[in-house]
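Enquirer: Encoded as structure tokens, here's the structure I'll be asking about.
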Amino acid sequence: MRLFPAFFLMDDANVVIFGDGTNAERKARLVLKTPARISLVAQALPDWAKAHGDQLSLVQPHAAGSALDTACFAIIALDDDDAAQAAYELAHAHGVPVNAVDRKALCDFTIPSILDRGSVVAAIATGGAAPVLAKDIRSKLETLLPERIGALAALAERWRPAVKEALGADTDRRHFWEQALRGPVAEAVYAGNDAGAEEIMAKSLADFSGDQSKTAVGPVHIVGAGPGDPELLTLKAFRLIQQADIVYHDKLVSPEIMDMVRRDAERVPVGKSKGEHLVPQDGIHELMIASARDGKRVVRLKGGDPFIFGRGGEEVEALRIAGIDASVVPGITSALGCAASAGLPLTHRDHAQSVTFVTGHARQGGVPDLDWEGLAKPHQTVVVFMGVGTAPLISERLLAASLDAETPVAVIENGTRTNEKRAYGNIAALAEIIETRGIRGPALLIIGEVAGLPAEAQTQIISEALA
Ligand SMILES: C[S@@+](CC[C@H](N)C(=O)[O-])C[C@H]1O[C@@H](n2cnc3c(N)ncnc32)[C@H](O)[C@@H]1O
């Protein structure tokens, strides 16, 4: 490690910046995010600096030495080589370390790519080898760190003395902080509920100091994993599956997403595929409740969105009855994922003014008792979930309700996954399309004029007509 990262405390710091151009402005803007005072060594105050009079003052070049007397570091942002060299020597004569923009030979330290989340600051440096790479790494970190992680660190700082007083032993304190900063306190802060977080913190500390064996119970996170493409997972879902101790997952959750679960977490398949229930719904409730009561961080991971034909509502209810908080993290439903992947707009000003999601599978088997007349009306899109097995009946009911036999349909299997299959035709040929294209599911049926819009729909329909 040629570079040694260290963070300056900037509360009472002075920073000297030589220059008044764009580079000086960029560096000044970084320093202005801290409470430090800036002495700007220039002939006159540039326009960009005028709004910061409370934190930044002009120092004439002949007086730079006295500004350097109290400086913790100096930044040289001068175009002229001789002037930059002179500034460097002056700073060194005052024992002040220097960063000179674009002049590696005049740098005692480099300024890293900075990720600023309030009390949490991360710095990424490549020693000038590849600044773009440092920026890319910072962007990746930005997507991983919750926006309010700084607020969580600030809360921890406020509570540190109280925790120290309540919990004598180092290991107790470590356990307590692990629970607090990875559990409900953190979730409340991330959700913007600072007052709630303070309450939970007070209660957790009282519980923990009263009975060290007590463990925090819940919340259980019911998380939507999206339709399959791992890049369609939300950042929140990603964070929660990385923190979970145990993940109860459906069959529909793709293996790429399961690979993102924390390596040492338990993975329990409970899901169903086409009527085959690995664990009955009540059993899933019992498992989640038992794990939460054991103090585990539980995630229930479901395909698509938990509240779209996902039985998420029943799970929330079962947890509520058991006195355990549930949080629901939405996922991209397969309807949206499949439509986007096929380039098929579910609504369109000229073709569909509404979209309806229906299930094609009745609780007791067969096709459900839907409002077929309503669904057969023009200028709308109908998306059928779980409709592969009942497709012949669905087509029959819609045609009997006077839907035009030429109405386009798209059947999309394994949407957004590498094995996605799309087949097009019209409602009268729905059963045949499924049969001839070997569609087994999971698949959606998209019915309405919009299903004829993708370019590939036109060619597939034509080729079927020719066949
Ligand atoms: C029990 S429902 C769950 C729906 C899920 N909650 C959602 O929002 O997508 C299962 C049905 O969703 C549809 N489905 C789920 N993932 C799919 C995918 N990747 N491609 C096509 N259809 C999918 C199929 O109709 C499947 O039978």
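In the structure tokens, each chain is lettered A, B, ... as it comes, each chain's residues begin at 1, and ligands are numbered from 1 in order of appearance.
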Do you know which residues are at most 12 Å from Asp54 in chain A counting only C-alpha atoms, after dropping those on the same chain fewer than 2 positions away, and could you put them as a ChimeraX atom specification?
Expert: /A:32,35-39,49-52,56-58
Enquirer: Name the residues, by chain letter and number, that sit within 6 Å of ligand 1 using only C-alpha atoms and all ligand atoms, and give them as a ChimeraX atom specification.
Expert: /A:227-228,303-306,308-310,333-334,385-386,412-416,442-444
Enquirer: Using only C-alpha atoms, can you tell me which of A:Ala44, A:Ala410, A:Cys72, A:Met288 comes closest to Glu315 in chain A?
Expert: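 Comparing A:Ala44, A:Ala410, A:Cys72, A:Met288 against Glu315 in chain A, the winner is A:Met288.
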Enquirer: Quick check for you: according to DSSP on this backbone, which residues of range 78-155 of chain A are classed as helix (DSSP H, G or I)? Reply as a PyMOL selection string.
Expert: chain A and resi 81-93+104-106+131-144+149-155
Enquirer: DSSP on the backbone: which residues in range 27-251 of chain A end up as strand (DSSP E)? Give the answer as a ChimeraX atom specification.
Expert: /A:37-41,56-59,73-76,98-100,113-117,120-124,220-224,246-249
Enquirer: Can you work out the spacing between CA of Gly283 in chain A and CA of Val358 in chain A in Å, to one decimal?
Expert: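 These atoms are spaced 26.2 Å apart.
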Enquirer: Rounded to one decimal place, report the CA of Leu90 in chain A-CA of Ala13 in chain A distance in Å.
Expert: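 Straight-line distance from CA of Leu90 in chain A to CA of Ala13 in chain A works out to 19.1 Å.
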